[in-house]
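Participant: Please find final-v9.txt (compact mmCIF, C-alpha atoms) on the next line:
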```
# COMPACT_ATOMS: atom_id res chain seq x y z
CA GLY G 575 5.69 8.77 13.88
CA ILE G 576 3.38 5.86 14.57
CA GLN G 577 4.91 2.38 14.69
CA VAL G 578 3.19 -0.68 13.23
CA GLU G 579 4.25 -4.23 14.04
CA GLN G 580 2.84 -7.33 12.42
CA SER G 581 3.14 -10.92 13.50
CA PRO G 582 4.02 -13.54 12.59
CA PRO G 583 6.39 -12.49 9.80
CA ASP G 584 5.91 -15.81 8.03
CA LEU G 585 3.15 -18.39 8.20
CA ILE G 586 2.84 -21.70 6.39
CA LEU G 587 -0.51 -23.48 6.45
CA GLN G 588 -2.09 -26.56 4.99
CA GLU G 589 -5.11 -25.86 2.82
CA GLY G 590 -8.26 -25.79 4.95
CA ALA G 591 -6.55 -24.53 8.09
CA ASN G 592 -7.47 -21.35 9.95
CA SER G 593 -5.07 -18.54 10.86
CA THR G 594 -4.88 -15.30 12.80
CA LEU G 595 -2.63 -12.40 11.84
CA ARG G 596 -1.91 -9.64 14.32
CA CYS G 597 -1.17 -5.93 13.95
CA ASN G 598 -0.02 -3.80 16.89
CA PHE G 599 0.25 -0.03 16.64
CA SER G 600 1.82 2.53 18.92
CA ASP G 601 -0.75 5.35 18.93
CA SER G 602 -4.45 5.99 18.46
CA VAL G 603 -5.51 5.68 14.84
CA ASN G 604 -8.09 7.31 12.60
CA ASN G 605 -7.65 4.72 9.86
CA LEU G 606 -6.64 1.08 9.79
CA GLN G 607 -6.70 -1.01 6.65
CA TRP G 608 -5.76 -4.59 5.85
CA PHE G 609 -4.43 -5.41 2.39
CA HIS G 610 -3.46 -8.56 0.53
CA GLN G 611 -0.59 -8.20 -1.93
CA ASN G 612 -0.87 -10.80 -4.64
CA PRO G 613 2.12 -12.38 -6.42
CA TRP G 614 1.91 -9.70 -9.14
CA GLY G 615 2.38 -6.96 -6.56
CA GLN G 616 -1.12 -5.55 -6.58
CA LEU G 617 -2.58 -4.44 -3.25
CA ILE G 618 -6.11 -5.67 -2.70
CA ASN G 619 -8.23 -3.87 -0.09
CA LEU G 620 -9.55 -6.33 2.47
CA PHE G 621 -10.92 -4.20 5.28
CA TYR G 622 -11.19 -0.60 6.40
CA ILE G 623 -11.47 -1.13 10.13
CA PRO G 624 -10.26 1.58 12.55
CA SER G 625 -12.49 -0.04 15.18
CA GLY G 626 -14.97 -2.86 15.58
CA THR G 627 -15.45 -6.10 13.69
CA LYS G 628 -16.17 -6.85 10.04
CA GLN G 629 -16.59 -10.03 8.05
CA ASN G 630 -16.32 -10.75 4.36
CA GLY G 631 -16.73 -14.38 3.44
CA ARG G 632 -13.92 -16.44 4.92
CA LEU G 633 -12.13 -13.34 6.17
CA SER G 634 -12.92 -11.27 9.20
CA ALA G 635 -11.13 -8.54 11.12
CA THR G 636 -11.35 -7.04 14.57
CA THR G 637 -9.73 -3.83 15.80
CA VAL G 638 -9.57 -3.04 19.51
CA ALA G 639 -8.56 0.60 19.28
CA THR G 640 -8.27 1.13 23.04
CA GLU G 641 -5.69 -1.67 23.22
CA ARG G 642 -4.00 -0.71 19.94
CA TYR G 643 -4.22 -3.92 18.00
CA SER G 644 -6.07 -5.48 15.12
CA LEU G 645 -6.53 -9.11 14.11
CA LEU G 646 -7.21 -10.60 10.70
CA TYR G 647 -8.79 -14.06 10.66
CA ILE G 648 -8.62 -16.35 7.66
CA SER G 649 -10.76 -19.45 7.85
CA SER G 650 -10.64 -22.55 5.64
CA SER G 651 -7.56 -21.20 3.86
CA GLN G 652 -7.07 -21.78 0.14
CA THR G 653 -3.91 -21.71 -1.96
CA THR G 654 -5.12 -18.47 -3.51
CA ASP G 655 -4.87 -16.85 -0.07
CA SER G 656 -1.08 -17.02 -0.38
CA GLY G 657 0.75 -13.70 -0.51
CA VAL G 658 1.70 -10.90 1.82
CA TYR G 659 -0.83 -9.38 4.20
CA PHE G 660 -0.22 -5.79 5.26
CA CYS G 661 -1.73 -3.76 8.03
CA ALA G 662 -1.55 0.02 7.52
CA VAL G 663 -2.62 2.86 9.77
CA SER G 664 -2.86 6.62 9.97
CA SER G 665 -3.12 8.76 13.09
CA GLY G 666 -3.85 12.30 14.11
CA SER G 667 -4.48 14.59 11.14
CA ALA G 668 -2.46 12.42 8.75
CA ARG G 669 -4.28 10.97 5.76
CA GLN G 670 -1.41 8.86 4.43
CA LEU G 671 -0.90 5.29 5.64
CA THR G 672 2.06 3.85 7.54
CA PHE G 673 2.56 0.18 6.73
CA GLY G 674 3.63 -2.70 8.89
CA SER G 675 6.28 -5.11 7.67
CA GLY G 676 3.71 -7.65 6.54
CA THR G 677 2.98 -11.34 7.07
CA GLN G 678 4.04 -13.70 4.28
CA LEU G 679 1.37 -16.41 4.10
CA THR G 680 1.93 -19.62 2.18
CA VAL G 681 -0.97 -22.07 1.87
CA LEU G 682 0.08 -25.53 0.74
CA PRO G 683 -2.25 -27.79 -1.25
CA SER F 700 -13.94 1.87 -5.73
CA ALA F 701 -12.11 3.71 -8.53
CA VAL F 702 -10.06 2.45 -11.42
CA ILE F 703 -6.47 3.55 -10.83
CA SER F 704 -4.23 3.03 -13.86
CA GLN F 705 -0.47 3.25 -13.75
CA LYS F 706 1.88 3.40 -16.70
CA PRO F 707 4.26 1.77 -17.31
CA SER F 708 3.38 -1.42 -15.45
CA ARG F 709 7.01 -2.46 -15.65
CA ASP F 710 10.22 -1.26 -17.24
CA ILE F 711 13.90 -2.03 -17.39
CA CYS F 712 16.04 1.09 -17.28
CA GLN F 713 19.68 1.97 -17.64
CA ARG F 714 21.67 3.55 -14.86
CA GLY F 715 21.71 7.34 -15.04
CA THR F 716 18.45 7.70 -16.94
CA SER F 717 15.10 9.03 -15.70
CA LEU F 718 11.63 7.55 -15.98
CA THR F 719 8.22 9.11 -15.45
CA ILE F 720 5.36 7.04 -14.05
CA GLN F 721 1.80 8.13 -14.64
CA CYS F 722 -1.20 7.59 -12.40
CA GLN F 723 -4.67 8.16 -13.85
CA VAL F 724 -7.88 7.81 -11.82
CA ASP F 725 -11.28 7.46 -13.47
CA SER F 726 -12.90 9.91 -11.04
CA GLN F 727 -11.87 12.93 -9.01
CA VAL F 728 -10.14 12.15 -5.74
CA THR F 729 -9.14 14.23 -2.75
CA MET F 730 -5.69 12.93 -2.01
CA MET F 731 -2.98 11.24 -4.08
CA PHE F 732 0.15 9.63 -2.69
CA TRP F 733 3.22 7.88 -4.06
CA TYR F 734 4.75 4.87 -2.31
CA ARG F 735 7.86 2.81 -2.96
CA GLN F 736 8.28 -0.89 -2.21
CA GLN F 737 11.83 -2.14 -2.43
CA PRO F 738 12.36 -5.86 -3.07
CA GLY F 739 11.16 -7.97 -0.16
CA GLN F 740 10.22 -4.88 1.87
CA SER F 741 7.10 -3.09 2.98
CA LEU F 742 5.71 0.09 1.48
CA THR F 743 7.25 3.47 2.26
CA LEU F 744 5.59 6.79 1.54
CA ILE F 745 7.56 9.01 -0.84
CA ALA F 746 5.30 12.06 -0.94
CA THR F 747 1.82 13.48 -1.03
CA ALA F 748 0.98 14.90 -4.45
CA ASN F 749 -0.73 18.27 -4.03
CA GLN F 750 -2.91 19.62 -6.79
CA GLY F 751 -1.44 22.74 -8.32
CA SER F 752 1.44 23.05 -5.86
CA GLU F 753 4.65 21.35 -4.82
CA ALA F 754 4.43 17.87 -3.38
CA THR F 755 5.03 17.23 0.32
CA TYR F 756 7.99 14.87 0.69
CA GLU F 757 8.72 12.45 3.50
CA SER F 758 12.04 12.34 5.28
CA GLY F 759 14.67 10.78 3.04
CA PHE F 760 13.01 11.75 -0.24
CA VAL F 761 13.79 14.94 -2.17
CA ILE F 762 12.23 16.76 -5.07
CA ASP F 763 15.35 16.63 -7.22
CA LYS F 764 15.33 12.84 -7.14
CA PHE F 765 11.55 12.28 -7.21
CA PRO F 766 9.82 15.23 -8.90
CA ILE F 767 6.03 14.91 -8.71
CA SER F 768 3.28 16.70 -10.56
CA ARG F 769 -0.47 16.79 -9.98
CA PRO F 770 -2.11 19.12 -12.46
CA ASN F 771 -5.70 18.12 -11.63
CA LEU F 772 -7.85 15.92 -9.39
CA THR F 773 -7.47 12.75 -11.47
CA PHE F 774 -3.83 12.63 -12.61
CA SER F 775 -0.32 12.61 -11.16
CA THR F 776 3.18 11.73 -12.29
CA LEU F 777 6.27 10.59 -10.40
CA THR F 778 9.68 10.84 -12.03
CA VAL F 779 12.59 8.77 -10.78
CA SER F 780 15.67 10.76 -11.78
CA ASN F 781 19.24 9.71 -12.43
CA MET F 782 18.40 6.11 -11.59
CA SER F 783 20.74 3.64 -9.92
CA PRO F 784 20.21 -0.06 -9.18
CA GLU F 785 19.06 0.92 -5.67
CA ASP F 786 16.00 2.52 -7.26
CA SER F 787 14.77 -0.87 -8.46
CA SER F 788 11.38 -1.09 -6.76
CA ILE F 789 7.66 -1.18 -7.22
CA TYR F 790 6.25 2.35 -7.25
CA LEU F 791 2.59 2.61 -6.28
CA CYS F 792 0.07 5.39 -6.61
CA SER F 793 -2.55 5.64 -3.88
CA VAL F 794 -5.72 7.72 -3.69
CA GLU F 795 -8.25 8.78 -1.10
CA GLY F 796 -11.64 10.36 -1.43
CA VAL F 797 -13.02 8.08 -4.10
CA ARG F 798 -16.69 8.77 -4.72
CA GLY F 799 -18.83 6.09 -3.09
CA SER F 800 -16.09 4.80 -0.81
CA ILE F 801 -15.70 5.13 2.94
CA ALA F 802 -14.20 8.48 3.94
CA GLY F 803 -10.50 7.97 4.62
CA GLU F 804 -10.17 4.64 2.82
CA LEU F 805 -7.14 4.45 0.51
CA PHE F 806 -6.93 2.51 -2.74
CA PHE F 807 -3.83 1.57 -4.73
CA GLY F 808 -2.94 1.31 -8.37
CA GLU F 809 -1.46 -1.91 -9.71
CA GLY F 810 2.08 -0.57 -9.33
CA SER F 811 4.99 0.12 -11.67
CA ARG F 812 7.84 -2.37 -11.34
CA LEU F 813 11.16 -0.77 -12.26
CA THR F 814 14.42 -2.62 -12.70
CA VAL F 815 17.57 -0.53 -13.07
CA LEU F 816 20.61 -2.18 -14.61
```
Let me see whether you can do it: turn the structure in this file into structure tokens.
Facilitator:
Amino acid sequence: GIQVEQSPPDLILQEGANSTLRCNFSDSVNNLQWFHQNPWGQLINLFYIPSGTKQNGRLSATTVATERYSLLYISSSQTTDSGVYFCAVSSGSARQLTFGSGTQLTVLP
Amino acid sequence: SAVISQKPSRDICQRGTSLTIQCQVDSQVTMMFWYRQQPGQSLTLIATANQGSEATYESGFVIDKFPISRPNLTFSTLTVSNMSPEDSSIYLCSVEGVRGSIAGELFFGEGSRLTVL
């Protein structure tokens, strides 16, 4: 099946800093989503982005499908941005998502 | 997006018992999935819940351990049978085909956190 790698595994930032999270995948995808898992375990949808660029407030994402990677940008980070960020993909005829191992983000006040 | 409700939100269970988790969506959806997240780990797909027929299980998961039902387009249950401490995880329901959403986009319930003693 498709492989999904995320980097870095851990990231510690000072409040106000910017960061870039990366997701590499091993095959062409028909779906790519970024999620934020909050401390209570809930998965929050950030972006549905199998290709192209999207922005939502301080967050933006870019997927370069031909080169099999996606980037999530967080600008002016806040302590509430802390948590685990997951990239998940599906390929071929599959509808279910395969998740990467996540990036644990800690934003310090 | 849809409202995806899971019950229970958390539970503490004894070894050897079984627990059924419910997933209720406030609108009809095309696809329903069940995922497991073990402590400190990523999410792993258990199975696709098929309406009116047997679920499709991923490698490493079997029906006897994780029986799944999906009687209609808005509801599914996952049972964790004969539990052991290794089953302590967050179990998440996921849906696709929510009215008004992007085709293919998946949404998740708030999860059911099980601790097995």
Participant: Have a look at G:Glu579, G:Thr637, G:Gln670, G:Phe609 and name the one nearest to Thr755 (chain F); count all atoms listed in the file.
Facilitator: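 The answer is G:Gln670, which sits nearest to Thr755 (chain F).
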Participant: Taking only C-alpha atoms into account and nothing else, which residues of chain F lie no more than 8 Å away from chain G? Please answer as a ChimeraX atom specification.
Facilitator: /F:732,740-744,747,789,803-804,806-810
Participant: One decimal, in Å: what's the spacing between CA of Ser649 (chain G) and CA of Pro683 (chain G)?
Facilitator: 15.0 Å
Participant: With distances taken over only C-alpha atoms, which residue among F:Leu718, F:Leu816, F:Ala748, F:Met730 lies nearest Ser775 (chain F)?
Facilitator: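 Of the candidates, the smallest distance to Ser775 (chain F) is held by F:Ala748.
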Participant: Residues within 10 Å of region 638-646 of chain G, please, as a PyMOL selection string. Count only C-alpha atoms; anything in the same chain fewer than 3 positions from it doesn't count.
Facilitator: chain G and resi 578-581+593-604+606-608+620-621+623-629+633-635+649+659+661
Participant: Taking all atoms of region 662-676 of chain G that appear in the file, build a box with edges along x, y and z, extend it by 4 Å on every side, and state its centre and edge lengths in Å to one decimal, as JSON.
Facilitator:
```
{"center_x": 0.9, "center_y": 3.5, "center_z": 9.3, "size_x": 18.8, "size_y": 30.2, "size_z": 17.7}
```
Participant: Which residue gives the smallest distance to Trp733 (chain F) among F:Met782, F:Ala746, F:Val797, F:Ile711, with only C-alpha atoms counted?
Facilitator: F:Ala746
Participant: Find, counting all atoms listed in the file, the residue in F:Ser704, F:Thr773, F:Thr716, F:Thr814 that gets nearest to Val728 (chain F).
Facilitator: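 Between F:Ser704, F:Thr773, F:Thr716, F:Thr814, the residue approaching Val728 (chain F) most closely is F:Thr773.
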Participant: Could you check which of F:Ser800, F:Phe760, F:Gln721, F:Ile767 is closest to Pro707 (chain F), using all atoms listed in the file?
Facilitator: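 Smallest distance to Pro707 (chain F) is found for F:Gln721.
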Participant: Mind checking which residues fall within 9 Å of Gly751 (chain F), counting all atoms listed in the file, ignoring those fewer than 5 positions away in the same chain, and posting them as number ranges by chain?
Facilitator: F: 768-771
Participant: Rank F:Arg735, F:Leu777, F:Ser758, F:Cys792 by their smallest atom-to-atom distance to Gly575 (chain G), using all atoms listed in the file, and report the top residue only.
Facilitator: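 The answer is F:Ser758, which sits nearest to Gly575 (chain G).
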Participant: Could you check how far CA of Thr776 (chain F) sits from CA of Pro738 (chain F), in Å to one decimal?
Facilitator: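 Spanning CA of Thr776 (chain F) to CA of Pro738 (chain F) is a straight-line distance of 21.9 Å.
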Participant: Tell me, in Å to one decimal, how far CA of Ser650 (chain G) is from CA of Leu679 (chain G).
Facilitator: 13.6 Å
Participant: Export N, CA, C and O atoms of region 784-811 of chain F from the structure just given, as a PDB file, in the first residue's frame?
Facilitator:
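Just written: selection_18.pdb:
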```
ATOM      1  N   PRO F 784      -5.559  -5.588  27.773  1.00  0.00           N
ATOM      2  CA  PRO F 784      -4.955  -4.253  27.899  1.00  0.00           C
ATOM      3  C   PRO F 784      -4.404  -3.700  26.575  1.00  0.00           C
ATOM      4  O   PRO F 784      -4.376  -2.478  26.402  1.00  0.00           O
ATOM      5  N   GLU F 785      -4.017  -4.579  25.656  1.00  0.00           N
ATOM      6  CA  GLU F 785      -3.498  -4.130  24.361  1.00  0.00           C
ATOM      7  C   GLU F 785      -4.568  -3.460  23.506  1.00  0.00           C
ATOM      8  O   GLU F 785      -4.254  -2.803  22.511  1.00  0.00           O
ATOM      9  N   ASP F 786      -5.828  -3.635  23.868  1.00  0.00           N
ATOM     10  CA  ASP F 786      -6.919  -2.982  23.146  1.00  0.00           C
ATOM     11  C   ASP F 786      -7.177  -1.555  23.625  1.00  0.00           C
ATOM     12  O   ASP F 786      -8.034  -0.852  23.056  1.00  0.00           O
ATOM     13  N   SER F 787      -6.459  -1.130  24.635  1.00  0.00           N
ATOM     14  CA  SER F 787      -6.607   0.251  25.122  1.00  0.00           C
ATOM     15  C   SER F 787      -6.181   1.201  24.006  1.00  0.00           C
ATOM     16  O   SER F 787      -5.023   1.208  23.576  1.00  0.00           O
ATOM     17  N   SER F 788      -7.123   1.995  23.531  1.00  0.00           N
ATOM     18  CA  SER F 788      -6.898   2.849  22.362  1.00  0.00           C
ATOM     19  C   SER F 788      -8.018   3.871  22.264  1.00  0.00           C
ATOM     20  O   SER F 788      -9.019   3.784  22.987  1.00  0.00           O
ATOM     21  N   ILE F 789      -7.841   4.788  21.328  1.00  0.00           N
ATOM     22  CA  ILE F 789      -8.949   5.617  20.893  1.00  0.00           C
ATOM     23  C   ILE F 789      -9.503   4.996  19.615  1.00  0.00           C
ATOM     24  O   ILE F 789      -8.740   4.697  18.694  1.00  0.00           O
ATOM     25  N   TYR F 790     -10.814   4.783  19.591  1.00  0.00           N
ATOM     26  CA  TYR F 790     -11.466   4.233  18.409  1.00  0.00           C
ATOM     27  C   TYR F 790     -12.271   5.362  17.762  1.00  0.00           C
ATOM     28  O   TYR F 790     -13.075   6.025  18.422  1.00  0.00           O
ATOM     29  N   LEU F 791     -12.031   5.576  16.468  1.00  0.00           N
ATOM     30  CA  LEU F 791     -12.648   6.707  15.782  1.00  0.00           C
ATOM     31  C   LEU F 791     -13.476   6.245  14.590  1.00  0.00           C
ATOM     32  O   LEU F 791     -13.038   5.408  13.794  1.00  0.00           O
ATOM     33  N   CYS F 792     -14.629   6.830  14.488  1.00  0.00           N
ATOM     34  CA  CYS F 792     -15.518   6.632  13.348  1.00  0.00           C
ATOM     35  C   CYS F 792     -15.231   7.739  12.331  1.00  0.00           C
ATOM     36  O   CYS F 792     -15.021   8.905  12.700  1.00  0.00           O
ATOM     37  N   SER F 793     -15.212   7.374  11.058  1.00  0.00           N
ATOM     38  CA  SER F 793     -14.948   8.343  10.004  1.00  0.00           C
ATOM     39  C   SER F 793     -15.998   8.170   8.908  1.00  0.00           C
ATOM     40  O   SER F 793     -16.420   7.047   8.622  1.00  0.00           O
ATOM     41  N   VAL F 794     -16.380   9.271   8.282  1.00  0.00           N
ATOM     42  CA  VAL F 794     -17.400   9.214   7.240  1.00  0.00           C
ATOM     43  C   VAL F 794     -16.982  10.011   6.018  1.00  0.00           C
ATOM     44  O   VAL F 794     -16.213  10.974   6.104  1.00  0.00           O
ATOM     45  N   GLU F 795     -17.512   9.589   4.883  1.00  0.00           N
ATOM     46  CA  GLU F 795     -17.297  10.301   3.627  1.00  0.00           C
ATOM     47  C   GLU F 795     -18.634  10.443   2.927  1.00  0.00           C
ATOM     48  O   GLU F 795     -19.521   9.616   3.114  1.00  0.00           O
ATOM     49  N   GLY F 796     -18.725  11.505   2.104  1.00  0.00           N
ATOM     50  CA  GLY F 796     -19.963  11.689   1.373  1.00  0.00           C
ATOM     51  C   GLY F 796     -20.971  12.515   2.133  1.00  0.00           C
ATOM     52  O   GLY F 796     -22.179  12.355   1.952  1.00  0.00           O
ATOM     53  N   VAL F 797     -20.459  13.398   2.991  1.00  0.00           N
ATOM     54  CA  VAL F 797     -21.344  14.284   3.734  1.00  0.00           C
ATOM     55  C   VAL F 797     -21.925  15.323   2.782  1.00  0.00           C
ATOM     56  O   VAL F 797     -21.190  15.934   1.999  1.00  0.00           O
ATOM     57  N   ARG F 798     -23.234  15.516   2.866  1.00  0.00           N
ATOM     58  CA  ARG F 798     -23.893  16.489   1.996  1.00  0.00           C
ATOM     59  C   ARG F 798     -23.294  17.878   2.215  1.00  0.00           C
ATOM     60  O   ARG F 798     -23.134  18.335   3.346  1.00  0.00           O
ATOM     61  N   GLY F 799     -22.927  18.528   1.104  1.00  0.00           N
ATOM     62  CA  GLY F 799     -22.362  19.868   1.171  1.00  0.00           C
ATOM     63  C   GLY F 799     -20.850  19.900   1.287  1.00  0.00           C
ATOM     64  O   GLY F 799     -20.258  20.974   1.233  1.00  0.00           O
ATOM     65  N   SER F 800     -20.232  18.757   1.469  1.00  0.00           N
ATOM     66  CA  SER F 800     -18.770  18.733   1.589  1.00  0.00           C
ATOM     67  C   SER F 800     -18.141  18.388   0.246  1.00  0.00           C
ATOM     68  O   SER F 800     -18.822  18.010  -0.704  1.00  0.00           O
ATOM     69  N   ILE F 801     -16.827  18.522   0.192  1.00  0.00           N
ATOM     70  CA  ILE F 801     -16.088  18.180  -1.016  1.00  0.00           C
ATOM     71  C   ILE F 801     -16.138  16.665  -1.205  1.00  0.00           C
ATOM     72  O   ILE F 801     -15.963  15.901  -0.245  1.00  0.00           O
ATOM     73  N   ALA F 802     -16.362  16.216  -2.423  1.00  0.00           N
ATOM     74  CA  ALA F 802     -16.390  14.778  -2.700  1.00  0.00           C
ATOM     75  C   ALA F 802     -15.047  14.163  -2.314  1.00  0.00           C
ATOM     76  O   ALA F 802     -13.993  14.645  -2.730  1.00  0.00           O
ATOM     77  N   GLY F 803     -15.100  13.114  -1.506  1.00  0.00           N
ATOM     78  CA  GLY F 803     -13.878  12.429  -1.085  1.00  0.00           C
ATOM     79  C   GLY F 803     -13.346  12.871   0.259  1.00  0.00           C
ATOM     80  O   GLY F 803     -12.488  12.195   0.832  1.00  0.00           O
ATOM     81  N   GLU F 804     -13.816  14.010   0.779  1.00  0.00           N
ATOM     82  CA  GLU F 804     -13.293  14.491   2.051  1.00  0.00           C
ATOM     83  C   GLU F 804     -13.872  13.662   3.197  1.00  0.00           C
ATOM     84  O   GLU F 804     -15.073  13.413   3.268  1.00  0.00           O
ATOM     85  N   LEU F 805     -12.991  13.240   4.111  1.00  0.00           N
ATOM     86  CA  LEU F 805     -13.395  12.445   5.266  1.00  0.00           C
ATOM     87  C   LEU F 805     -13.459  13.310   6.516  1.00  0.00           C
ATOM     88  O   LEU F 805     -12.639  14.213   6.704  1.00  0.00           O
ATOM     89  N   PHE F 806     -14.439  12.990   7.374  1.00  0.00           N
ATOM     90  CA  PHE F 806     -14.607  13.659   8.650  1.00  0.00           C
ATOM     91  C   PHE F 806     -14.611  12.589   9.746  1.00  0.00           C
ATOM     92  O   PHE F 806     -15.002  11.451   9.514  1.00  0.00           O
ATOM     93  N   PHE F 807     -14.204  13.015  10.945  1.00  0.00           N
ATOM     94  CA  PHE F 807     -14.065  12.073  12.055  1.00  0.00           C
ATOM     95  C   PHE F 807     -14.949  12.460  13.227  1.00  0.00           C
ATOM     96  O   PHE F 807     -15.164  13.651  13.499  1.00  0.00           O
ATOM     97  N   GLY F 808     -15.442  11.429  13.919  1.00  0.00           N
ATOM     98  CA  GLY F 808     -16.093  11.639  15.184  1.00  0.00           C
ATOM     99  C   GLY F 808     -15.073  12.012  16.244  1.00  0.00           C
ATOM    100  O   GLY F 808     -13.860  12.009  15.998  1.00  0.00           O
ATOM    101  N   GLU F 809     -15.569  12.306  17.454  1.00  0.00           N
ATOM    102  CA  GLU F 809     -14.683  12.783  18.508  1.00  0.00           C
ATOM    103  C   GLU F 809     -13.900  11.652  19.168  1.00  0.00           C
ATOM    104  O   GLU F 809     -13.031  11.909  19.990  1.00  0.00           O
ATOM    105  N   GLY F 810     -14.193  10.410  18.785  1.00  0.00           N
ATOM    106  CA  GLY F 810     -13.423   9.287  19.304  1.00  0.00           C
ATOM    107  C   GLY F 810     -13.983   8.709  20.590  1.00  0.00           C
ATOM    108  O   GLY F 810     -14.675   9.393  21.358  1.00  0.00           O
ATOM    109  N   SER F 811     -13.684   7.431  20.801  1.00  0.00           N
ATOM    110  CA  SER F 811     -14.059   6.725  22.033  1.00  0.00           C
ATOM    111  C   SER F 811     -12.782   6.189  22.647  1.00  0.00           C
ATOM    112  O   SER F 811     -12.121   5.340  22.052  1.00  0.00           O
TER     113      SER F 811
END
```
